[in-house]
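What follows is run26.txt (compact mmCIF, C-alpha atoms).
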# COMPACT_ATOMS: atom_id res chain seq x y z
CA MET S 1 -6.28 29.95 -21.49
CA LYS S 2 -9.20 28.16 -19.85
CA THR S 3 -10.10 30.13 -16.72
CA ARG S 4 -10.57 26.86 -14.89
CA TYR S 5 -6.88 25.88 -15.08
CA SER S 6 -5.41 29.38 -15.35
CA ARG S 7 -3.47 29.32 -12.06
CA GLN S 8 -2.03 25.90 -12.76
CA GLU S 9 -1.14 26.86 -16.33
CA LEU S 10 0.71 29.95 -15.11
CA PHE S 11 2.88 27.65 -13.05
CA LEU S 12 3.29 24.70 -15.42
CA GLY S 13 3.30 26.54 -18.73
CA LYS S 14 0.97 26.07 -21.70
CA GLU S 15 2.63 22.97 -23.14
CA SER S 16 2.73 21.13 -19.84
CA GLN S 17 -0.88 22.02 -19.09
CA LYS S 18 -1.88 20.50 -22.43
CA LYS S 19 0.02 17.33 -21.57
CA VAL S 20 -1.81 17.12 -18.23
CA GLU S 21 -5.15 17.54 -19.99
CA SER S 22 -4.38 14.77 -22.46
CA GLY S 23 -2.88 12.49 -19.79
CA SER S 24 -4.41 9.45 -18.14
CA VAL S 25 -3.90 8.16 -14.61
CA ILE S 26 -5.16 4.98 -12.97
CA ILE S 27 -5.57 4.99 -9.20
CA ILE S 28 -5.46 1.57 -7.55
CA GLY S 29 -7.64 1.86 -4.46
CA ALA S 30 -10.24 4.44 -3.51
CA GLY S 31 -9.77 4.66 0.23
CA ALA S 32 -8.04 7.58 1.91
CA LEU S 33 -5.08 7.90 -0.47
CA GLY S 34 -7.19 7.22 -3.54
CA SER S 35 -9.90 9.76 -2.61
CA SER S 36 -7.37 12.45 -1.98
CA SER S 37 -5.25 11.99 -5.09
CA ALA S 38 -8.29 11.46 -7.33
CA GLU S 39 -9.74 14.79 -6.22
CA MET S 40 -6.47 16.65 -6.89
CA LEU S 41 -6.04 15.03 -10.30
CA ALA S 42 -9.66 15.70 -11.30
CA ARG S 43 -9.31 19.35 -10.31
CA ALA S 44 -6.01 19.54 -12.19
CA GLY S 45 -7.85 18.44 -15.33
CA VAL S 46 -6.09 15.15 -16.04
CA GLY S 47 -7.97 13.97 -19.15
CA LYS S 48 -8.76 10.46 -18.04
CA LEU S 49 -8.93 8.98 -14.57
CA THR S 50 -9.58 5.34 -13.78
CA ILE S 51 -10.53 4.42 -10.21
CA VAL S 52 -10.32 0.79 -9.06
CA ASP S 53 -11.66 -0.45 -5.73
CA ARG S 54 -13.31 -3.62 -4.39
CA ASP S 55 -14.87 -2.19 -1.23
CA TYR S 56 -17.98 -0.22 -0.24
CA VAL S 57 -18.27 2.95 1.88
CA GLU S 58 -18.51 2.55 5.67
CA TRP S 59 -18.89 5.01 8.56
CA SER S 60 -15.27 4.56 9.67
CA ASN S 61 -14.14 5.86 6.24
CA LEU S 62 -15.68 9.32 6.51
CA GLN S 63 -13.04 10.75 8.88
CA ARG S 64 -10.47 10.78 6.06
CA GLN S 65 -11.88 9.51 2.76
CA GLN S 66 -12.81 12.88 1.37
CA LEU S 67 -14.90 11.87 -1.63
CA TYR S 68 -17.62 10.20 0.46
CA GLY S 69 -20.55 11.39 2.54
CA GLU S 70 -23.16 9.97 4.89
CA GLU S 71 -25.56 9.09 2.07
CA ASP S 72 -22.92 6.88 0.47
CA VAL S 73 -22.60 4.93 3.72
CA LYS S 74 -26.38 4.58 4.11
CA ASN S 75 -26.65 3.31 0.54
CA LYS S 76 -23.61 1.02 0.95
CA LEU S 77 -22.26 2.36 -2.33
CA PRO S 78 -19.15 0.78 -3.79
CA LYS S 79 -16.26 3.21 -3.36
CA ALA S 80 -15.32 3.26 -7.04
CA PHE S 81 -18.90 4.19 -7.94
CA ALA S 82 -19.30 6.83 -5.19
CA ALA S 83 -15.90 8.29 -6.09
CA LYS S 84 -16.86 8.66 -9.75
CA LYS S 85 -20.15 10.33 -8.79
CA ARG S 86 -18.36 12.94 -6.65
CA LEU S 87 -15.50 13.48 -9.12
CA GLN S 88 -17.97 14.19 -11.92
CA GLN S 89 -19.52 16.92 -9.78
CA ILE S 90 -16.05 18.40 -9.33
CA ASN S 91 -15.05 18.21 -13.00
CA SER S 92 -17.50 17.21 -15.73
CA GLU S 93 -14.96 17.88 -18.51
CA ILE S 94 -12.79 14.85 -17.86
CA THR S 95 -13.43 11.14 -18.43
CA ILE S 96 -13.74 9.03 -15.31
CA ASP S 97 -13.90 5.24 -15.36
CA SER S 98 -14.71 3.26 -12.27
CA LEU S 99 -13.92 -0.41 -11.83
CA ILE S 100 -15.56 -2.20 -8.91
CA GLU S 101 -13.07 -5.03 -8.84
CA ASP S 102 -10.55 -6.86 -6.73
CA VAL S 103 -7.09 -6.34 -8.22
CA HIS S 104 -5.12 -9.54 -8.76
CA GLY S 105 -2.27 -10.77 -10.90
CA LEU S 106 -4.52 -11.91 -13.71
CA ASN S 107 -6.56 -8.73 -14.26
CA ILE S 108 -4.11 -5.94 -13.45
CA GLU S 109 -2.42 -5.82 -16.87
CA GLU S 110 -5.71 -5.21 -18.67
CA MET S 111 -6.61 -2.46 -16.17
CA ILE S 112 -3.43 -0.42 -16.50
CA LYS S 113 -3.12 -0.59 -20.30
CA GLY S 114 -3.27 2.79 -21.98
CA HIS S 115 -2.51 4.82 -18.84
CA ASP S 116 0.47 7.15 -18.44
CA VAL S 117 0.84 6.84 -14.68
CA ILE S 118 -0.30 4.40 -11.99
CA LEU S 119 -0.94 5.76 -8.49
CA ASP S 120 -0.70 3.42 -5.53
CA ALA S 121 -3.60 3.82 -3.13
CA THR S 122 -3.80 0.19 -2.02
CA ASP S 123 -3.80 -0.92 1.58
CA ASN S 124 -1.58 -4.00 1.44
CA PHE S 125 1.82 -5.18 0.21
CA GLU S 126 0.57 -8.06 -1.90
CA THR S 127 -1.49 -5.83 -4.19
CA ARG S 128 1.40 -3.35 -4.41
CA LEU S 129 3.74 -6.08 -5.60
CA ILE S 130 1.18 -7.25 -8.16
CA VAL S 131 0.80 -3.71 -9.51
CA ASN S 132 4.60 -3.29 -9.42
CA ASP S 133 5.06 -6.36 -11.64
CA ALA S 134 2.50 -5.12 -14.16
CA ALA S 135 3.85 -1.57 -14.13
CA VAL S 136 7.42 -2.69 -14.83
CA LYS S 137 6.29 -5.17 -17.48
CA HIS S 138 4.35 -2.49 -19.36
CA GLY S 139 6.81 0.33 -18.71
CA ILE S 140 4.34 2.57 -16.87
CA PRO S 141 5.56 4.70 -13.92
CA PHE S 142 4.08 3.53 -10.60
CA ILE S 143 4.01 5.98 -7.71
CA MET S 144 4.06 4.11 -4.43
CA GLY S 145 2.40 5.67 -1.41
CA ALA S 146 1.41 4.25 1.96
CA CYS S 147 0.46 5.51 5.37
CA VAL S 148 -0.61 4.33 8.78
CA ALA S 149 -1.05 6.21 12.09
CA SER S 150 0.84 9.50 11.51
CA TYR S 151 3.54 7.98 9.30
CA GLY S 152 3.71 7.76 5.53
CA SER S 153 6.16 6.93 2.77
CA THR S 154 6.40 7.47 -0.99
CA PHE S 155 8.57 6.26 -3.83
CA PRO S 156 8.32 6.79 -7.60
CA ILE S 157 9.01 3.59 -9.54
CA ILE S 158 10.15 4.47 -13.07
CA PRO S 159 10.62 1.27 -15.12
CA ASN S 160 14.17 0.83 -16.48
CA GLU S 161 15.44 3.72 -14.35
CA THR S 162 14.77 3.32 -10.65
CA PRO S 163 14.72 0.21 -8.48
CA CYS S 164 11.24 -1.34 -8.36
CA LEU S 165 9.23 -2.14 -5.27
CA HIS S 166 10.39 -5.75 -5.45
CA CYS S 167 14.04 -4.59 -5.23
CA LEU S 168 13.21 -2.56 -2.13
CA LEU S 169 11.09 -5.13 -0.32
CA ASN S 170 12.95 -8.29 -1.35
CA HIS S 171 10.14 -10.42 -0.08
CA LEU S 172 6.61 -9.91 1.08
CA PRO S 173 6.57 -8.30 4.53
CA VAL S 174 4.72 -10.19 7.21
CA ASP S 175 4.16 -7.02 9.15
CA GLY S 176 0.53 -6.15 9.03
CA MET S 177 0.26 -2.82 10.77
CA THR S 178 -2.78 -1.30 9.11
CA CYS S 179 -5.23 1.52 9.59
CA GLU S 180 -7.66 -1.01 11.06
CA THR S 181 -5.26 -2.02 13.81
CA VAL S 182 -3.37 1.14 14.80
CA GLY S 183 -5.51 3.87 13.23
CA VAL S 184 -4.63 6.79 11.00
CA ILE S 185 -5.07 10.57 10.98
CA SER S 186 -6.01 12.41 7.82
CA PRO S 187 -3.12 14.93 7.62
CA ILE S 188 -0.63 12.16 6.83
CA VAL S 189 -2.91 10.99 4.01
CA GLN S 190 -2.74 14.46 2.48
CA ILE S 191 1.04 14.63 2.73
CA VAL S 192 1.49 11.27 1.02
CA THR S 193 -0.95 12.12 -1.78
CA ALA S 194 0.48 15.63 -2.21
CA THR S 195 3.84 13.99 -2.92
CA GLN S 196 2.35 11.31 -5.19
CA VAL S 197 0.26 13.77 -7.22
CA THR S 198 3.27 16.06 -7.64
CA TYR S 199 5.20 13.12 -9.11
CA ALA S 200 2.23 12.32 -11.37
CA LEU S 201 2.01 15.91 -12.67
CA LYS S 202 5.77 15.99 -13.27
CA ILE S 203 5.68 12.70 -15.19
CA LEU S 204 2.71 13.86 -17.29
CA ALA S 205 4.51 17.13 -17.99
CA GLY S 206 7.65 15.23 -19.01
CA VAL S 207 9.78 16.36 -16.07
CA SER S 208 12.12 13.73 -14.60
CA VAL S 209 11.81 12.53 -11.01
CA SER S 210 14.56 11.26 -8.70
CA PRO S 211 14.69 7.82 -7.07
CA ILE S 212 14.23 9.15 -3.55
CA LEU S 213 12.43 7.07 -0.95
CA LYS S 214 10.74 9.54 1.41
CA SER S 215 9.05 9.15 4.76
CA ILE S 216 7.46 11.54 7.15
CA ASP S 217 5.87 11.32 10.57
CA ILE S 218 3.63 14.33 10.87
CA TRP S 219 2.94 13.78 14.59
CA LYS S 220 6.53 13.11 15.70
CA ASP S 221 7.80 15.78 13.34
CA GLU S 222 10.34 13.46 11.71
CA LYS S 223 11.26 12.98 8.10
CA ALA S 224 13.79 11.04 6.09
CA GLU S 225 14.91 10.83 2.49
CA ILE S 226 17.13 8.14 1.02
CA ASP S 227 18.46 7.90 -2.52
CA VAL S 228 17.90 4.20 -3.21
CA LYS S 229 19.47 4.00 -6.68
CA ARG S 230 22.00 1.53 -5.26
CA LEU S 231 19.26 -0.94 -4.37
CA LYS S 232 18.37 -1.67 -7.99
CA ASN S 233 18.91 -5.40 -8.24
CA ASN S 234 20.04 -6.85 -11.57
CA HIS S 235 18.69 -10.24 -10.50
CA CYS S 236 15.30 -8.84 -9.43
CA PRO S 237 12.55 -11.21 -10.68
CA THR S 238 10.52 -8.14 -11.65
CA CYS S 239 12.92 -5.56 -13.08
CA GLY S 240 16.19 -7.52 -13.44
CA GLU S 241 17.81 -8.91 -16.55
CA HIS S 242 15.59 -11.99 -16.70
CA PRO S 243 12.21 -10.94 -15.34
CA THR S 244 9.57 -13.57 -14.50
CA TYR S 245 6.96 -11.18 -12.99
CA PRO S 246 6.13 -13.66 -10.23
CA TYR S 247 3.12 -11.78 -8.88
CA LEU S 248 1.33 -12.03 -12.23
CA LYS S 249 1.54 -15.83 -12.32
CA PHE S 250 -1.55 -17.95 -11.89
CA GLU S 251 0.02 -20.20 -9.26
CA ASN S 252 0.91 -17.21 -7.07
CA GLN S 253 -2.63 -15.84 -6.78
CA THR S 254 -4.88 -16.07 -3.77
CA LYS S 255 -7.68 -18.28 -5.05
CA SER S 256 -11.33 -18.21 -4.10
CA ASP S 257 -14.08 -20.67 -4.98
CA VAL S 258 -17.77 -20.54 -4.24
CA LEU S 259 -18.79 -23.69 -2.41
CA CYS S 260 -21.90 -24.86 -4.18
CA GLY S 261 -25.12 -24.80 -2.22
CA ARG S 262 -23.42 -23.78 1.02
CA ASP S 263 -23.53 -19.97 0.90
CA ALA S 264 -19.81 -20.03 1.50
CA VAL S 265 -16.54 -19.23 -0.25
CA GLN S 266 -13.21 -20.97 0.15
CA ILE S 267 -10.08 -18.82 0.10
CA ARG S 268 -6.67 -20.33 -0.59
CA PRO S 269 -3.51 -18.25 -0.18
CA PRO S 270 -0.77 -18.74 -2.80
CA LYS S 271 1.87 -20.00 -0.40
CA THR S 272 1.09 -22.21 2.52
CA LYS S 273 2.58 -21.36 5.85
CA VAL S 274 1.72 -22.63 9.29
CA PHE S 275 -0.36 -20.31 11.42
CA GLU S 276 -0.17 -20.57 15.19
CA LEU S 277 -3.87 -20.92 15.90
CA LYS S 278 -3.47 -20.25 19.64
CA VAL S 279 -1.68 -16.98 18.94
CA PHE S 280 -4.34 -16.06 16.40
CA THR S 281 -7.05 -16.78 18.98
CA GLU S 282 -5.41 -14.42 21.48
CA ARG S 283 -5.17 -11.64 18.91
CA LEU S 284 -8.78 -12.08 17.85
CA ASN S 285 -9.96 -11.73 21.43
CA GLY S 286 -12.94 -9.36 21.64
CA ASN S 287 -13.31 -9.02 17.88
CA VAL S 288 -15.06 -12.29 17.12
CA THR S 289 -17.90 -14.39 18.58
CA ASN S 290 -18.43 -18.09 19.34
CA LEU S 291 -14.76 -18.92 18.94
CA ILE S 292 -13.94 -22.61 18.73
CA ILE S 293 -10.40 -23.89 18.33
CA ASN S 294 -8.94 -27.37 17.79
CA PRO S 295 -5.49 -28.44 16.59
CA PHE S 296 -6.53 -28.13 12.95
CA LEU S 297 -8.67 -25.05 12.69
CA LEU S 298 -10.45 -22.24 14.41
CA SER S 299 -14.03 -21.20 13.79
CA CYS S 300 -15.70 -17.96 14.82
CA GLY S 301 -18.29 -15.32 13.98
CA PHE S 302 -16.82 -12.20 12.34
CA ASP S 303 -19.19 -9.36 11.44
CA GLU S 304 -22.22 -11.17 10.04
CA TYR S 305 -20.09 -14.02 8.68
CA ARG S 306 -18.66 -17.21 10.10
CA ILE S 307 -15.06 -18.02 9.31
CA VAL S 308 -13.42 -21.42 9.52
CA PHE S 309 -9.69 -20.89 9.35
CA PHE S 310 -7.25 -23.76 8.82
CA ARG S 311 -3.64 -23.93 10.01
CA ASP S 312 -2.29 -23.61 6.46
CA GLY S 313 -4.02 -20.28 5.91
CA ARG S 314 -6.95 -21.68 3.98
CA ALA S 315 -10.35 -20.44 5.09
CA ILE S 316 -14.03 -20.89 4.42
CA VAL S 317 -16.13 -17.78 4.77
CA HIS S 318 -19.78 -18.67 5.46
CA GLY S 319 -22.64 -16.27 4.84
CA THR S 320 -21.79 -15.12 1.31
CA ASN S 321 -21.63 -16.43 -2.23
CA ASP S 322 -19.65 -13.43 -3.38
CA THR S 323 -15.94 -14.13 -3.75
CA LYS S 324 -15.08 -10.41 -3.57
CA VAL S 325 -16.87 -10.03 -0.24
CA ALA S 326 -15.24 -13.20 1.07
CA ARG S 327 -11.74 -12.06 0.06
CA SER S 328 -12.24 -8.69 1.68
CA ILE S 329 -13.47 -10.36 4.91
CA TYR S 330 -10.52 -12.80 4.78
CA THR S 331 -8.02 -9.96 4.38
CA ARG S 332 -9.50 -8.03 7.31
CA PHE S 333 -9.60 -11.17 9.45
CA LEU S 334 -5.98 -12.02 8.69
CA GLN S 335 -4.85 -8.58 9.75
CA TYR S 336 -5.48 -9.52 13.38
CA TYR S 337 -2.93 -12.29 13.08
CA LEU S 338 -0.37 -10.09 11.37
CA GLU S 339 -0.80 -7.29 13.89
CA MET O 10 25.38 7.89 22.03
CA ASN O 11 24.26 10.93 20.01
CA PHE O 12 22.90 10.61 16.50
CA GLN O 13 21.03 12.69 14.05
CA LEU O 14 18.11 10.40 13.29
CA ASN O 15 15.59 11.31 10.59
CA GLY O 16 16.52 14.95 10.92
CA LYS O 17 16.38 15.10 14.72
CA GLN O 18 19.10 14.94 17.38
CA VAL O 19 18.62 11.90 19.61
CA GLU O 20 20.50 10.62 22.63
CA LEU O 21 20.41 6.85 23.05
CA PRO O 22 21.98 4.41 25.56
CA GLU O 23 25.64 3.54 24.86
CA VAL O 24 24.68 -0.08 24.12
CA VAL O 25 22.92 1.03 20.95
CA ASP O 26 26.10 0.86 18.87
CA SER O 27 25.07 -0.98 15.70
CA VAL O 28 22.36 -0.67 13.07
CA GLU O 29 20.83 -3.93 14.34
CA LYS O 30 20.59 -2.56 17.89
CA LEU O 31 19.23 0.75 16.68
CA LEU O 32 16.42 -1.00 14.79
CA THR O 33 15.67 -3.14 17.83
CA HIS O 34 15.62 -0.03 20.03
CA TYR O 35 12.85 1.39 17.83
CA HIS O 36 11.06 -2.00 17.49
CA LEU O 37 11.75 -2.00 13.77
CA GLN O 38 13.84 -5.19 13.65
CA SER O 39 11.09 -7.29 12.09
CA ARG O 40 10.09 -4.62 9.61
CA ILE O 41 11.32 -4.06 6.13
CA ALA O 42 13.39 -0.93 6.28
CA VAL O 43 15.97 0.96 4.31
CA VAL O 44 18.78 2.32 6.51
CA GLU O 45 21.32 4.93 5.58
CA VAL O 46 24.31 5.94 7.72
CA ASN O 47 26.21 9.06 6.70
CA LYS O 48 24.63 8.94 3.23
CA GLU O 49 25.58 5.28 2.63
CA ILE O 50 22.84 2.65 2.43
CA VAL O 51 23.54 -0.23 4.81
CA ARG O 52 22.53 -3.62 3.46
CA LYS O 53 20.56 -6.02 5.61
CA GLU O 54 23.51 -8.45 5.88
CA GLU O 55 25.58 -5.65 7.42
CA TYR O 56 23.12 -4.56 10.13
CA GLU O 57 24.91 -6.49 12.88
CA THR O 58 28.43 -5.52 11.89
CA LYS O 59 27.78 -1.91 10.96
CA LYS O 60 28.91 0.00 14.05
CA LEU O 61 27.56 3.43 14.90
CA SER O 62 29.50 6.25 16.48
CA ASN O 63 28.68 9.60 18.00
CA GLY O 64 27.54 12.18 15.52
CA ASP O 65 26.44 9.71 12.82
CA VAL O 66 23.67 10.91 10.56
CA VAL O 67 21.15 8.09 10.29
CA GLU O 68 18.02 7.82 8.18
CA ILE O 69 15.57 4.95 8.61
CA ILE O 70 12.58 4.47 6.37
CA HIS O 71 10.32 1.51 7.05
CA PHE O 72 7.50 0.24 4.89
CA VAL O 73 3.90 0.21 5.99
CA GLY O 74 0.92 -1.38 4.35
CA GLY O 75 -1.93 1.03 4.85
CA GLY O 76 -3.54 3.50 2.56
Could you spell out this file's structure in C-alpha cells?
Amino acid sequence: MKTRYSRQELFLGKESQKKVESGSVIIIGAGALGSSSAEMLARAGVGKLTIVDRDYVEWSNLQRQQLYGEEDVKNKLPKAFAAKKRLQQINSEITIDSLIEDVHGLNIEEMIKGHDVILDATDNFETRLIVNDAAVKHGIPFIMGACVASYGSTFPIIPNETPCLHCLLNHLPVDGMTCETVGVISPIVQIVTATQVTYALKILAGVSVSPILKSIDIWKDEKAEIDVKRLKNNHCPTCGEHPTYPYLKFENQTKSDVLCGRDAVQIRPPKTKVFELKVFTERLNGNVTNLIINPFLLSCGFDEYRIVFFRDGRAIVHGTNDTKVARSIYTRFLQYYLE
Amino acid sequence: MNFQLNGKQVELPEVVDSVEKLLTHYHLQSRIAVVEVNKEIVRKEEYETKKLSNGDVVEIIHFVGGG
C-alpha cells in the first residue's frame, strides 16, 4: 500500500483505489468549482486530470479559487496553466493536461475523448448544455455542479440511465444570476465540489449513483433533494430516441470573427433575439463609460475595451484581435442584461 | 398556510395556495426549477392548477449558472 493513499485505500479498498489511480477525469472550467475539485482529485491520485479554461487569474478570484495566488494574478497567468503548476506541486505522480481554450460545440468532443468522467465547473448554461450533448453522445458520465451566492446544486448525468441536463432544463435559461452580479462565498463552492468529487470517485470505483438532483443553501440552512428519474424525456434532442445533439451543431455556435485591420472582433450569437437597449443601458449604469445609445445599437467603454452592441445581440468588441478575449468580454458584458 | 419547504417549516399567507403562487412568492417564477410536492414532481404545465394545502412537503430546486 502506497503510504500516500493509505487512508483512502482503507476506505475504498485495494481494487477501487487501483481504479481511481488508473482513472481519468476532465474538468471543464478552472474557476472556483474547478480549482476545488481538481485539488481533491489530484490528492486522491486520479491518474490523469485534464483542466480546460479560457480565462486568466484576477484579484477577485483569490477569495475562493484555491489553486491560485497573488503571483498568478500579477503575471496574468491563464487559469489552466496556473492550475497545472499548482497541481503538480501537490502530486507529481499523476498526469495533468491543461487546455487554455474556449469550450464550444465543435471542440468539446475531441477534449472529452478518453476520459472516464467529466466534471462541470463552468459558469454558464450554454457551455453546460454543449458539454451535456457531448457527454451523452460519447457515453461519459457528466457531473453537473453550479453555485452562486450561498446556493448550489448538483446532478450526476449518467448516459442511458438518468435524465440529461437538456431534459431538466428544456430550454436555455435566460436567467443570468452569476457570481459577478450577486457574489458568492467559498463554503458553498466546497459543498458543491465535495458532492461532485464523491460522485466521480464512486463512478471510477464502479459504484452506481442515483439520479438525485440536490441543492443546498449554506447561509439559509436549507436543502432539497428530488429524484428526477421521471423527467427523462424520450423525445429529448440530446438523450431521447432520435438524438440530434443540437448544441454540437455548427449553426448553433456563437461565432466570432476578427475584423481585419480594425483591432476588433465581431461576436454573433447563435439565435437572434431582440434586446431592449434602453433596459440594457439602465442595467449597465455605473459599469461602463461614454455610453451612447440610438435605436439600433449602444456603444460604451467596458474595461479597456469598447463594445458596440446591436439590438439582435451581435456585438463588436474593439481593442483586441483575440477572439477568446472578445468572447469572454462579451459574455461578461451580457451578464448585466441578463441580471 | 404551513408547509415544509426544503426541509424547513414555513408559514406563508393564505393566498399562496398553488405551486405557481409559491414560486412567485419566492421570486422564482422566471427561473428554471424542479418542484416536488409530497414526493411527486409537478410538471411546469401543472404549476397553476396544482393546489397546495396545509402540511404539504415541498421541495424546490432551481438552476443557477455560476461556478
Open item on the list: Would you mind listing, as a ChimeraX atom specification, all residues of chain S that have at least one atom within 6 Å of chain O, where all atoms listed in the file are what counts?
Closed with: /S:33,121-125,146-148,178-179,222-224
Just need the box for region 46-65 of chain O, edges along x, y and z, holding every atom the file lists for it with 4 Å tacked onto each side, so centre and edge lengths in Å to one decimal, as lines of an AutoDock Vina configuration file.
center_x = 25.0
center_y = 1.9
center_z = 10.2
size_x = 16.9
size_y = 28.6
size_z = 23.6
Counting only C-alpha atoms, I want the residues whose atoms come within 6 Å of (-8.3, 9.8, -7.8) in the file frame, returned as a compact mmCIF listing (two decimals) with C-alpha atoms, in the frame of the given file.
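part-v4.txt, freshly written:
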# COMPACT_ATOMS: atom_id res chain seq x y z
CA ILE S 27 -5.57 4.99 -9.20
CA GLY S 34 -7.19 7.22 -3.54
CA SER S 35 -9.90 9.76 -2.61
CA SER S 37 -5.25 11.99 -5.09
CA ALA S 38 -8.29 11.46 -7.33
CA GLU S 39 -9.74 14.79 -6.22
- [ ] Counting all atoms listed in the file, select every polymer residue within 9 Å of (20.0, 9.3, 18.4) as defined in the file's coordinates, and provide the selection as a PyMOL selection string.
- [x] chain O and resi 10-14+17-22+31+63-67
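Proximity of S:Asp97, S:Asp227, S:Asp133, S:Asp263 to Thr50 (chain S), computed with only C-alpha atoms, is greatest for S:Asp97.
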- [ ] Give me the residues within 12 Å of Thr58 (chain O) as number ranges by chain, counting all atoms listed in the file and dropping any in the same chain fewer than 5 places off.
- [x] O: 26-30, 51-53
Spatial neighbours of Val228 (chain S), max dist 9 Å, only C-alpha atoms, sep filter under 2 positions, as an mmCIF file with C-alpha atoms, keeping the file's coordinate frame:
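Result written to part_33.cif:
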data_model
loop_
_atom_site.group_PDB
_atom_site.id
_atom_site.type_symbol
_atom_site.label_atom_id
_atom_site.label_comp_id
_atom_site.auth_asym_id
_atom_site.auth_seq_id
_atom_site.Cartn_x
_atom_site.Cartn_y
_atom_site.Cartn_z
ATOM 1 C CA THR S 162 14.770 3.320 -10.650
ATOM 2 C CA PRO S 163 14.720 0.210 -8.480
ATOM 3 C CA LEU S 168 13.210 -2.560 -2.130
ATOM 4 C CA PRO S 211 14.690 7.820 -7.070
ATOM 5 C CA ILE S 212 14.230 9.150 -3.550
ATOM 6 C CA LEU S 213 12.430 7.070 -0.950
ATOM 7 C CA ILE S 226 17.130 8.140 1.020
ATOM 8 C CA ARG S 230 22.000 1.530 -5.260
ATOM 9 C CA LEU S 231 19.260 -0.940 -4.370
ATOM 10 C CA LYS S 232 18.370 -1.670 -7.990
ATOM 11 C CA VAL O 43 15.970 0.960 4.310
ATOM 12 C CA ILE O 50 22.840 2.650 2.430
#
Task: Length of the CA of Val52 (chain S) to CA of Gly29 (chain S) vector [Å] - done: 5.4 Å
Residue contacts of Lys113 (chain S) (10 Å, all atoms listed in the file) excluding same-chain residues fewer than 5 positions away, as a tab-separated table (two decimals) with C-alpha atoms, in the coordinates of the input:
chain	number	residue	atom	x	y	z
S	26	ILE	CA	-5.16	4.98	-12.97
S	108	ILE	CA	-4.11	-5.94	-13.45
S	134	ALA	CA	2.50	-5.12	-14.16
S	135	ALA	CA	3.85	-1.57	-14.13
S	138	HIS	CA	4.35	-2.49	-19.36
S	140	ILE	CA	4.34	2.57	-16.87
Task: Atom-to-atom span, CA of Glu9 (chain S) and CA of Ile203 (chain S), Å - done: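 Going from CA of Glu9 (chain S) over to CA of Ile203 (chain S) covers 15.8 Å.
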TODO: Choose the residue, out of S:Phe81, S:Tyr247, S:Phe155, S:Tyr5, that has the smallest atom-to-atom separation from Asn107 (chain S); count only C-alpha atoms.
DONE: S:Tyr247
TODO: Give me the residues within 10 Å of Phe309 (chain S) as a list in words, counting all atoms listed in the file and dropping any in the same chain fewer than 6 places off.
DONE: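 Listing them by chain and then by number gives Gln266, Ile267, Phe275, Leu277, Ile293, Phe296, Leu297, Leu298, Ser299, Cys300, Ala315, Ile316, Val317, Tyr330, Phe333 and Leu334 of chain S.
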- [ ] Using CA of Arg332 (chain S) and CA of Cys260 (chain S) as the two end points, give the distance in Å to one decimal.
- [x] 23.9 Å
Open item on the list: Given only C-alpha atoms as the basis, pick out the residue of S:Leu106, S:Val184, S:Ala44, S:Ile118 nearest to Lys18 (chain S).
Closed with: S:Ala44
Open item on the list: Give me the residues near Cys239 (chain S) as number ranges by chain, where near means some atom within 10 Å (using only C-alpha atoms) and where sequence neighbours in that chain fewer than 5 positions away do not count.
Closed with: S: 132-133, 135-137, 159-167, 232-234, 244-245
